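Novice: One file: coords.txt (compact mmCIF, C-alpha atoms).
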# COMPACT_ATOMS: atom_id res chain seq x y z
CA MET A 1 -18.57 -14.54 10.71
CA ILE A 2 -17.65 -10.99 9.64
CA THR A 3 -20.75 -10.36 7.51
CA ASN A 4 -23.29 -12.69 5.91
CA ASP A 5 -20.87 -13.34 3.04
CA ILE A 6 -17.47 -12.87 4.68
CA LYS A 7 -16.18 -15.64 6.94
CA TYR A 8 -13.10 -15.96 9.12
CA VAL A 9 -10.80 -18.93 8.35
CA GLY A 10 -7.64 -17.91 10.22
CA VAL A 11 -5.75 -19.74 12.95
CA ASN A 12 -4.25 -19.12 16.41
CA ASP A 13 -0.61 -19.93 17.11
CA HIS A 14 0.34 -20.74 20.71
CA GLU A 15 3.48 -22.62 19.71
CA ILE A 16 5.45 -19.51 18.78
CA ASP A 17 7.86 -17.96 21.27
CA LEU A 18 9.37 -15.09 19.24
CA PHE A 19 7.52 -13.36 16.42
CA GLU A 20 9.85 -12.46 13.55
CA GLY A 21 12.57 -14.09 15.63
CA GLN A 22 12.72 -11.19 18.10
CA TYR A 23 9.39 -10.08 19.61
CA ILE A 24 8.17 -11.87 22.74
CA VAL A 25 4.53 -12.94 22.30
CA PRO A 26 3.31 -14.45 25.58
CA ASN A 27 -0.24 -14.71 24.23
CA GLY A 28 0.74 -16.16 20.87
CA MET A 29 -0.24 -14.83 17.45
CA ALA A 30 -3.23 -14.92 15.13
CA TYR A 31 -2.75 -15.43 11.40
CA ASN A 32 -5.93 -14.11 9.85
CA SER A 33 -7.48 -15.27 6.60
CA TYR A 34 -10.96 -14.62 5.23
CA VAL A 35 -13.32 -16.04 2.64
CA ILE A 36 -15.78 -13.94 0.60
CA LEU A 37 -18.70 -16.07 -0.59
CA ASP A 38 -20.36 -14.87 -3.79
CA GLU A 39 -20.93 -16.09 -7.35
CA LYS A 40 -17.18 -16.41 -7.27
CA ILE A 41 -15.34 -17.19 -4.04
CA ALA A 42 -12.26 -15.25 -2.96
CA VAL A 43 -9.90 -16.35 -0.19
CA MET A 44 -7.97 -13.48 1.40
CA ASP A 45 -4.37 -14.52 2.19
CA SER A 46 -2.84 -17.67 3.60
CA VAL A 47 -1.40 -18.45 7.05
CA ASP A 48 1.87 -19.59 8.61
CA GLU A 49 3.35 -22.81 7.21
CA LYS A 50 2.71 -24.86 10.36
CA PHE A 51 -1.06 -24.36 10.08
CA GLY A 52 -1.70 -25.15 6.42
CA THR A 53 -3.83 -28.24 7.08
CA GLU A 54 -5.97 -26.44 9.67
CA TRP A 55 -6.39 -23.46 7.34
CA LEU A 56 -7.53 -25.60 4.40
CA ALA A 57 -9.98 -27.40 6.69
CA ASN A 58 -11.39 -24.03 7.78
CA ILE A 59 -11.86 -23.04 4.13
CA GLU A 60 -13.54 -26.35 3.29
CA LYS A 61 -15.99 -25.87 6.11
CA VAL A 62 -17.20 -22.45 4.97
CA VAL A 63 -17.27 -23.08 1.19
CA GLU A 64 -19.48 -26.17 1.75
CA GLY A 65 -18.37 -28.18 -1.26
CA ARG A 66 -17.75 -25.28 -3.60
CA THR A 67 -14.34 -24.48 -5.04
CA PRO A 68 -12.62 -21.14 -4.40
CA ASP A 69 -12.04 -19.07 -7.53
CA TYR A 70 -9.38 -16.71 -6.22
CA LEU A 71 -6.60 -16.52 -3.66
CA ILE A 72 -5.84 -12.83 -3.11
CA VAL A 73 -2.32 -12.31 -1.78
CA GLN A 74 -1.97 -8.95 -0.06
CA HIS A 75 1.35 -9.52 1.68
CA MET A 76 4.17 -11.94 0.93
CA GLU A 77 5.66 -12.25 4.41
CA PRO A 78 5.73 -16.02 5.05
CA ASP A 79 3.34 -15.91 8.00
CA HIS A 80 0.69 -14.93 5.42
CA SER A 81 1.90 -16.62 2.26
CA ALA A 82 3.56 -19.91 3.21
CA ASN A 83 0.62 -22.07 2.10
CA ILE A 84 0.08 -20.61 -1.36
CA ARG A 85 1.50 -23.70 -3.03
CA LEU A 86 -0.57 -25.99 -0.79
CA PHE A 87 -3.70 -24.04 -1.77
CA THR A 88 -2.96 -24.20 -5.50
CA GLU A 89 -2.31 -27.93 -5.29
CA LYS A 90 -5.72 -28.46 -3.64
CA TYR A 91 -7.51 -25.97 -5.90
CA PRO A 92 -5.61 -26.05 -9.22
CA GLU A 93 -8.37 -24.15 -11.05
CA ALA A 94 -8.14 -21.16 -8.69
CA THR A 95 -6.45 -17.95 -9.77
CA VAL A 96 -3.83 -16.30 -7.57
CA VAL A 97 -4.29 -12.51 -7.49
CA GLY A 98 -1.46 -10.11 -6.69
CA ASN A 99 0.67 -7.33 -8.11
CA MET A 100 3.91 -7.61 -10.05
CA GLN A 101 6.05 -7.48 -6.92
CA THR A 102 3.83 -10.11 -5.27
CA PHE A 103 4.62 -12.65 -7.95
CA ARG A 104 8.30 -11.77 -8.04
CA MET A 105 8.55 -12.53 -4.32
CA MET A 106 6.32 -15.59 -4.67
CA ASP A 107 8.73 -17.13 -7.14
CA GLN A 108 11.68 -16.31 -4.88
CA PHE A 109 10.06 -17.87 -1.83
CA TYR A 110 8.11 -20.82 -3.19
CA GLN A 111 8.77 -21.46 -6.90
CA VAL A 112 5.04 -21.89 -7.51
CA ASP A 113 4.16 -24.10 -10.50
CA GLU A 114 4.27 -22.06 -13.70
CA ASN A 115 0.88 -23.50 -14.68
CA VAL A 116 -0.86 -21.83 -11.73
CA LYS A 117 -3.25 -19.14 -12.97
CA ARG A 118 -2.05 -15.65 -12.10
CA GLN A 119 -3.86 -12.34 -12.29
CA ILE A 120 -1.75 -9.21 -11.93
CA VAL A 121 -3.68 -6.20 -10.61
CA LYS A 122 -2.85 -2.52 -10.42
CA ASN A 123 -3.56 0.10 -7.79
CA GLY A 124 -7.24 1.06 -7.87
CA GLU A 125 -8.21 -1.86 -10.09
CA GLU A 126 -11.42 -3.76 -9.30
CA LEU A 127 -12.32 -7.44 -9.12
CA ASN A 128 -16.00 -8.38 -9.49
CA LEU A 129 -17.14 -11.47 -7.58
CA GLY A 130 -20.82 -11.03 -8.42
CA LYS A 131 -22.52 -8.99 -5.72
CA HIS A 132 -19.19 -8.02 -4.15
CA VAL A 133 -16.84 -5.65 -5.92
CA LEU A 134 -13.30 -5.50 -4.57
CA SER A 135 -10.94 -2.57 -5.17
CA PHE A 136 -7.22 -2.80 -4.50
CA VAL A 137 -5.35 -0.16 -2.51
CA PHE A 138 -1.57 -0.36 -2.87
CA ALA A 139 0.37 0.44 0.31
CA PRO A 140 4.07 0.01 -0.52
CA MET A 141 6.37 -0.13 2.53
CA VAL A 142 3.54 -0.66 5.00
CA HIS A 143 5.73 -2.49 5.70
CA TRP A 144 6.98 -4.43 2.62
CA PRO A 145 7.13 -3.04 -0.94
CA GLU A 146 4.51 -5.39 -2.43
CA VAL A 147 1.81 -4.75 0.19
CA MET A 148 -1.68 -4.10 -1.09
CA MET A 149 -4.99 -3.90 0.73
CA THR A 150 -8.51 -4.64 -0.44
CA TYR A 151 -11.77 -2.76 0.00
CA ASP A 152 -15.07 -4.61 -0.40
CA GLN A 153 -17.37 -1.93 -1.78
CA THR A 154 -20.46 -3.99 -1.02
CA ASP A 155 -20.05 -4.77 2.68
CA LYS A 156 -17.74 -1.76 3.34
CA VAL A 157 -15.03 -4.07 4.71
CA PHE A 158 -11.37 -3.07 4.50
CA PHE A 159 -8.84 -5.90 4.42
CA SER A 160 -5.82 -4.03 5.78
CA ALA A 161 -2.91 -6.50 5.48
CA ASP A 162 -0.57 -5.94 8.46
CA ALA A 163 -1.96 -2.47 9.22
CA PHE A 164 -4.14 -2.24 12.36
CA GLY A 165 -2.75 -5.57 13.54
CA LYS A 166 -1.42 -6.56 16.94
CA PHE A 167 0.41 -9.29 18.78
CA GLY A 168 -1.68 -11.98 20.49
CA ALA A 169 -3.93 -14.87 19.50
CA LEU A 170 -7.67 -14.26 19.13
CA ASP A 171 -8.65 -16.70 21.88
CA VAL A 172 -6.96 -14.48 24.50
CA GLN A 173 -8.56 -11.29 25.80
CA GLU A 174 -6.19 -8.35 26.21
CA ASP A 175 -6.05 -4.60 25.68
CA TRP A 176 -5.73 -3.72 22.00
CA ALA A 177 -3.65 -0.56 22.28
CA CYS A 178 -0.68 -1.93 24.24
CA GLU A 179 0.09 -4.85 21.94
CA ALA A 180 -0.94 -2.96 18.78
CA ARG A 181 1.44 -0.14 19.72
CA ARG A 182 4.33 -2.52 20.39
CA TYR A 183 3.56 -4.28 17.10
CA TYR A 184 3.32 -1.03 15.12
CA ILE A 185 6.43 0.67 16.56
CA GLY A 186 8.53 -2.46 16.26
CA ILE A 187 7.51 -3.56 12.78
CA VAL A 188 6.05 -0.56 10.94
CA GLY A 189 7.46 2.36 12.95
CA LYS A 190 10.12 3.36 10.40
CA TYR A 191 7.52 3.90 7.70
CA GLY A 192 5.46 6.72 9.14
CA ALA A 193 5.34 8.68 5.87
CA GLN A 194 4.01 5.65 4.02
CA VAL A 195 1.36 5.03 6.69
CA GLN A 196 0.32 8.67 6.44
CA ASN A 197 -0.19 8.18 2.69
CA LEU A 198 -2.31 5.12 3.41
CA LEU A 199 -4.46 6.99 5.93
CA LYS A 200 -5.22 9.63 3.29
CA GLN A 201 -6.53 6.89 0.99
CA VAL A 202 -8.46 5.23 3.79
CA ALA A 203 -10.18 8.54 4.64
CA GLU A 204 -11.85 8.46 1.21
CA LEU A 205 -13.45 5.06 1.84
CA ASN A 206 -16.67 4.32 3.71
CA ILE A 207 -15.24 1.66 6.02
CA GLN A 208 -17.48 -0.17 8.47
CA VAL A 209 -15.16 -3.07 9.36
CA ILE A 210 -11.36 -3.46 9.34
CA CYS A 211 -9.99 -6.98 8.85
CA PRO A 212 -6.23 -7.08 9.56
CA LEU A 213 -3.89 -10.04 9.07
CA HIS A 214 -3.11 -10.13 12.81
CA GLY A 215 -5.32 -9.37 15.77
CA PRO A 216 -9.08 -8.86 16.15
CA ILE A 217 -11.56 -7.73 13.52
CA LEU A 218 -12.38 -4.08 14.24
CA SER A 219 -16.02 -3.10 13.80
CA GLU A 220 -16.79 -0.54 16.50
CA ASN A 221 -15.37 2.90 17.27
CA LEU A 222 -13.10 2.83 14.22
CA GLU A 223 -12.10 6.45 14.83
CA TYR A 224 -10.20 5.27 17.91
CA TYR A 225 -7.97 2.97 15.85
CA LEU A 226 -7.53 5.48 13.05
CA ASP A 227 -6.56 8.16 15.58
CA LYS A 228 -3.92 5.88 17.12
CA TYR A 229 -2.43 5.26 13.69
CA GLN A 230 -2.47 8.98 12.97
CA ILE A 231 -0.48 9.69 16.15
CA TRP A 232 1.94 6.80 15.71
CA SER A 233 2.67 7.46 12.04
CA SER A 234 3.17 11.20 12.56
CA TYR A 235 5.50 10.52 15.52
CA GLY A 236 3.26 12.55 17.78
CA VAL A 237 2.90 12.45 21.56
CA GLU A 238 0.35 9.86 22.59
CA SER A 239 0.62 10.18 26.38
CA GLU A 240 1.80 13.00 28.60
CA GLY A 241 4.66 12.00 30.87
CA VAL A 242 8.35 11.15 31.02
CA LEU A 243 10.13 7.91 30.21
CA ILE A 244 13.42 7.40 32.06
CA ALA A 245 15.41 4.62 30.37
CA TYR A 246 18.62 3.57 32.09
CA THR A 247 21.43 1.07 32.50
CA SER A 248 23.36 0.72 35.74
CA VAL A 249 26.33 -1.47 36.65
CA TYR A 250 26.71 -1.06 40.42
CA GLY A 251 23.49 0.77 41.21
CA ASN A 252 24.70 4.37 41.31
CA THR A 253 23.12 5.38 38.01
CA LYS A 254 19.95 3.64 39.16
CA LYS A 255 19.94 5.80 42.33
CA ALA A 256 20.17 8.92 40.16
CA VAL A 257 17.22 7.73 38.07
CA GLU A 258 15.16 6.97 41.16
CA LEU A 259 15.91 10.44 42.51
CA LEU A 260 14.85 12.08 39.23
CA ALA A 261 11.63 10.02 39.16
CA LYS A 262 10.85 11.07 42.73
CA LYS A 263 11.47 14.76 41.91
CA LEU A 264 9.19 14.58 38.87
CA GLU A 265 6.40 12.92 40.82
CA GLU A 266 6.69 15.53 43.58
CA LYS A 267 6.36 18.27 40.97
CA GLY A 268 3.16 16.74 39.60
CA CYS A 269 4.36 14.94 36.47
CA PRO A 270 1.29 13.08 35.14
CA LYS A 271 3.22 9.87 34.45
CA VAL A 272 6.78 8.72 35.13
CA VAL A 273 7.87 5.43 33.54
CA VAL A 274 11.22 3.96 34.58
CA ALA A 275 12.75 1.27 32.36
CA ASP A 276 15.80 -0.84 33.22
CA LEU A 277 17.02 -1.61 29.70
CA ALA A 278 19.03 -4.63 30.82
CA ARG A 279 16.04 -6.40 32.38
CA GLU A 280 12.90 -5.35 30.53
CA ASP A 281 11.55 -6.30 27.12
CA MET A 282 13.42 -4.00 24.74
CA ALA A 283 10.43 -3.80 22.39
CA GLU A 284 8.25 -2.48 25.21
CA CYS A 285 10.90 0.09 26.13
CA VAL A 286 11.09 1.23 22.50
CA GLU A 287 7.28 1.42 22.42
CA ASP A 288 7.34 3.78 25.43
CA GLY A 289 10.14 5.78 23.84
CA PHE A 290 7.71 6.70 21.07
CA ARG A 291 4.64 6.96 23.29
CA TYR A 292 5.86 9.77 25.56
CA GLY A 293 7.03 13.18 24.42
CA LYS A 294 9.87 13.44 26.92
CA ILE A 295 12.55 10.86 27.67
CA VAL A 296 15.65 10.83 29.84
CA LEU A 297 18.53 8.51 28.98
CA ALA A 298 20.85 7.55 31.83
CA THR A 299 23.85 5.29 31.33
CA THR A 300 27.44 4.58 32.23
CA THR A 301 30.48 5.21 30.10
CA TYR A 302 31.60 1.72 29.11
CA ASN A 303 34.76 0.83 27.16
CA GLY A 304 34.91 4.41 25.97
CA GLU A 305 31.38 4.09 24.63
CA ILE A 306 28.00 3.60 26.30
CA PHE A 307 26.56 0.51 27.96
CA PRO A 308 25.45 -2.04 25.30
CA PHE A 309 21.74 -2.08 26.26
CA MET A 310 21.56 1.71 25.95
CA LYS A 311 23.28 1.57 22.57
CA THR A 312 20.74 -0.99 21.40
CA PHE A 313 17.86 1.11 22.70
CA ILE A 314 19.02 4.28 20.95
CA ASP A 315 19.73 2.36 17.74
CA CYS A 316 16.17 1.00 17.83
CA LEU A 317 14.76 4.51 18.21
CA VAL A 318 16.89 6.06 15.50
CA GLU A 319 16.29 3.35 12.90
CA ARG A 320 12.54 3.90 13.33
CA ASN A 321 12.80 7.62 12.44
CA TYR A 322 12.65 8.91 15.99
CA GLN A 323 11.56 12.56 16.06
CA ASN A 324 9.50 15.29 17.74
CA LYS A 325 10.75 14.51 21.26
CA THR A 326 12.49 16.19 24.20
CA ILE A 327 15.53 14.32 25.52
CA GLY A 328 17.53 14.67 28.73
CA LEU A 329 20.92 13.02 29.26
CA ILE A 330 22.53 11.56 32.39
CA GLU A 331 25.99 9.99 32.32
CA ASN A 332 28.14 8.20 34.86
CA GLY A 333 31.89 7.66 34.67
CA THR A 334 34.62 7.23 37.22
CA TRP A 335 37.57 8.67 35.28
CA ALA A 336 36.38 9.81 31.81
CA PRO A 337 32.62 10.23 31.51
CA THR A 338 31.75 10.58 27.80
CA ALA A 339 28.35 8.91 27.57
CA ASN A 340 26.37 12.13 27.12
CA LYS A 341 28.51 13.20 24.16
CA ILE A 342 28.13 9.79 22.53
CA MET A 343 24.37 9.66 23.06
CA LEU A 344 24.01 13.19 21.69
CA GLY A 345 25.86 12.17 18.55
CA MET A 346 23.68 9.12 18.00
CA PHE A 347 20.62 11.35 17.47
CA GLU A 348 22.28 13.79 15.07
CA LYS A 349 20.26 12.55 12.06
CA CYS A 350 16.92 12.65 13.89
CA LYS A 351 14.42 15.42 13.18
CA ASN A 352 12.97 17.85 15.72
CA ILE A 353 14.81 16.60 18.79
CA ASP A 354 14.97 19.13 21.62
CA PHE A 355 17.75 18.37 24.11
CA LEU A 356 17.40 19.77 27.61
CA ASN A 357 19.77 22.56 28.56
CA THR A 358 20.46 20.66 31.77
CA SER A 359 22.52 17.48 31.58
CA VAL A 360 23.81 15.45 34.50
CA THR A 361 27.29 14.02 35.03
CA ILE A 362 27.86 11.58 37.88
CA LYS A 363 31.41 10.71 38.81
CA SER A 364 31.05 7.24 40.33
CA ALA A 365 28.28 8.08 42.80
CA LEU A 366 25.78 10.85 43.49
CA SER A 367 27.21 14.06 44.92
CA ASP A 368 25.77 17.42 45.91
CA ASP A 369 26.57 18.77 42.43
CA SER A 370 24.92 15.90 40.55
CA MET A 371 21.85 15.97 42.84
CA GLU A 372 21.51 19.70 42.19
CA ALA A 373 21.70 19.03 38.44
CA ILE A 374 18.96 16.38 38.77
CA GLU A 375 16.76 18.93 40.53
CA LYS A 376 17.32 21.38 37.65
CA MET A 377 16.60 18.68 35.11
CA ALA A 378 13.29 17.86 36.81
CA GLU A 379 12.35 21.55 36.79
CA GLU A 380 13.19 21.91 33.09
CA LEU A 381 11.23 18.79 32.17
CA MET A 382 8.18 20.10 33.97
CA ALA A 383 8.55 23.50 32.28
CA LYS A 384 8.61 22.01 28.76
Hey, can you dump this file as structure tokens for me?
Specialist:
Amino acid sequence: MITNDIKYVGVNDHEIDLFEGQYIVPNGMAYNSYVILDEKIAVMDSVDEKFGTEWLANIEKVVEGRTPDYLIVQHMEPDHSANIRLFTEKYPEATVVGNMQTFRMMDQFYQVDENVKRQIVKNGEELNLGKHVLSFVFAPMVHWPEVMMTYDQTDKVFFSADAFGKFGALDVQEDWACEARRYYIGIVGKYGAQVQNLLKQVAELNIQVICPLHGPILSENLEYYLDKYQIWSSYGVESEGVLIAYTSVYGNTKKAVELLAKKLEEKGCPKVVVADLAREDMAECVEDGFRYGKIVLATTTYNGEIFPFMKTFIDCLVERNYQNKTIGLIENGTWAPTANKIMLGMFEKCKNIDFLNTSVTIKSALSDDSMEAIEKMAEELMAK
């Protein structure tokens, strides 16, 4: 139960191995759906296709013999919309509520019966259920173009679509920030400007509870969650420290990274995170790339380019509008080290990137010259 009139009817998914076909979710996923009980009943969103029967049973339980009047579709991604047709077949008198783009996508995905009642709403428009008055807040590109959110003026509940969501099923206890950060950076990270616009609209609402489509219902210390979204969407520094992300073929680049980490710790760096890009979850490495204000990239020259895992890592940063960071570069090459030049070029379209004056070139293995450069790099990082 969210409030006296708002009930949870979502499901937990422990069958899934990769969310969106790429993100590892060891604790599964939650697909959240809600019912608002009033003179008229509104169901907020559907769930993943595999859980349609369970979802409808959950709805039946809370409506206690009544028939829902509305299905409000805030987001057309299939993990939230795949059972629209199943719902309309069970409740043919119900009206599906969405915006123009919602219905365009709905027809593309599901070819819903043309006789299904449809109500097209606009940004700021209201829907009166009796005691509860719902107002719609459009949030295009957070993170799809049709996304809208819904504010219940009566109970001060904000149904936030994918915003403020996280990985993980609701029957597993885990820290919110870690999996919410990985979720946000991976899925929404590119759209910081759009999230900033949303936060401006949210600031004008008296919100007591946030109900996302993934993750737990948020009802306490809402400023904490809003502050995280402010930092993430403005590409700010969340944690002081240095991320060192590396690839190493025969261990020599790894030795350079370990030496740099040791130097930073000796100089009092508050946090040093070392990530082996070939062996760790890439999404978690990307998450840390945004979390810390300073990163060092260390890789080998490989086929005249850079090692594939480093290329993937940098591509993931750049495509998510990476900015406002300090970057140091370490390259290794036996006969023609060019990795630093290539990495530098990959960030040329990024905003507000400050590259260290000190770069490091290793020719096969550490030498006195390269160790001296690592010392200088540590000093410059600490001085920033």
Novice: At a cut-off of 9 Å, using all atoms listed in the file, what residues contact Tyr184 (chain A)? Leave out same-chain residues fewer than 2 positions from it and give the result as a PyMOL selection string.
Specialist: chain A and resi 163-166+179-182+186-189+229+232+287
Novice: Go ahead and write the residues just picked, C-alpha atoms, as a PDB file, keeping the file's coordinate frame.
Specialist:
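Result saved to result-v1.pdb:
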ATOM      1  CA  ALA A 163      -1.960  -2.470   9.220  1.00  0.00           C
ATOM      2  CA  PHE A 164      -4.140  -2.240  12.360  1.00  0.00           C
ATOM      3  CA  GLY A 165      -2.750  -5.570  13.540  1.00  0.00           C
ATOM      4  CA  LYS A 166      -1.420  -6.560  16.940  1.00  0.00           C
ATOM      5  CA  GLU A 179       0.090  -4.850  21.940  1.00  0.00           C
ATOM      6  CA  ALA A 180      -0.940  -2.960  18.780  1.00  0.00           C
ATOM      7  CA  ARG A 181       1.440  -0.140  19.720  1.00  0.00           C
ATOM      8  CA  ARG A 182       4.330  -2.520  20.390  1.00  0.00           C
ATOM      9  CA  GLY A 186       8.530  -2.460  16.260  1.00  0.00           C
ATOM     10  CA  ILE A 187       7.510  -3.560  12.780  1.00  0.00           C
ATOM     11  CA  VAL A 188       6.050  -0.560  10.940  1.00  0.00           C
ATOM     12  CA  GLY A 189       7.460   2.360  12.950  1.00  0.00           C
ATOM     13  CA  TYR A 229      -2.430   5.260  13.690  1.00  0.00           C
ATOM     14  CA  TRP A 232       1.940   6.800  15.710  1.00  0.00           C
ATOM     15  CA  GLU A 287       7.280   1.420  22.420  1.00  0.00           C
TER      16      GLU A 287
END
Novice: Kindly indicate which residue among A:Asp175, A:Asp79, A:Asp227, A:Glu39 lies nearest to Asp162 (chain A), using only C-alpha atoms for the distances.
Specialist: A:Asp79
Novice: Excluding same-chain residues fewer than 3 positions from Ile342 (chain A), what lies within 8 Å of it counting only C-alpha atoms, as a list in words?
Specialist: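 Counting only the stated atoms, we get Glu305, Ile306, Thr338, Ala339, Gly345 and Met346 of chain A.
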Novice: Grab the CA of Gly10 (chain A) to CA of Trp55 (chain A) distance for me, in Å with one decimal place.
Specialist: 6.4 Å
Novice: What does the distance from CA of Leu198 (chain A) to CA of Asp13 (chain A) come to in Å, to one decimal?
Specialist: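 That distance, rounded to one decimal, is 28.6 Å.
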Novice: Can you tell me which residues surround Met148 (chain A) at a distance of at most 7 Å, considering all atoms listed in the file, apart from same-chain residues fewer than 4 positions away, and format the answer as an MDAnalysis selection string?
Specialist: chainID A and resid 74:75 136:139
Novice: Could you jot down the CA of His214 (chain A) to CA of Thr88 (chain A) separation for me, Å, one decimal place?
Specialist: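 Atom-to-atom, CA of His214 (chain A) and CA of Thr88 (chain A) are spaced 23.1 Å apart.
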Novice: Go through A:Glu331, A:Lys156, A:Met377, A:Glu15 one by one, measure the shortest atom-to-atom distance of each to Lys263 (chain A) using all atoms listed in the file, and give the residue with the smallest value.
Specialist: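 Closest to Lys263 (chain A), using all atoms listed in the file: A:Met377.
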Novice: Determine, counting all atoms listed in the file, every residue of protein, DNA or RNA that lies within 10 Å of (-21.3, -3.2, 6.1) in the file coordinates, then give the result as a list in words.
Specialist: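 Those residues, ordered by chain and then number, are Ile2, Thr3, Asn4, Asp152, Gln153, Thr154, Asp155, Lys156, Val157, Asn206, Ile207, Gln208, Val209 and Ser219 of chain A.
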Novice: Nearest to Asp288 (chain A): which of A:Ser81, A:Asn123, A:Ser239, A:Thr67 is it, counting all atoms listed in the file?
Specialist: A:Ser239
Novice: So which residues touch Gly328 (chain A) within 7 Å, counting only C-alpha atoms, skipping near sequence neighbours fewer than 4 positions away, as a ChimeraX atom specification?
Specialist: /A:295-297,355-356,359
Novice: Give me the residues near region 242-253 of chain A as a PyMOL selection string, where near means some atom within 6 Å (using only C-alpha atoms) and where sequence neighbours in that chain fewer than 5 positions away do not count.
Specialist: chain A and resi 272-277+294-299+365
Novice: With distances taken over all atoms listed in the file, which of A:Thr326, A:Asn197, A:Gln101, A:Gln22 is nearest to Met76 (chain A)?
Specialist: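 Checking each candidate against Met76 (chain A), we get A:Gln101 as the closest.
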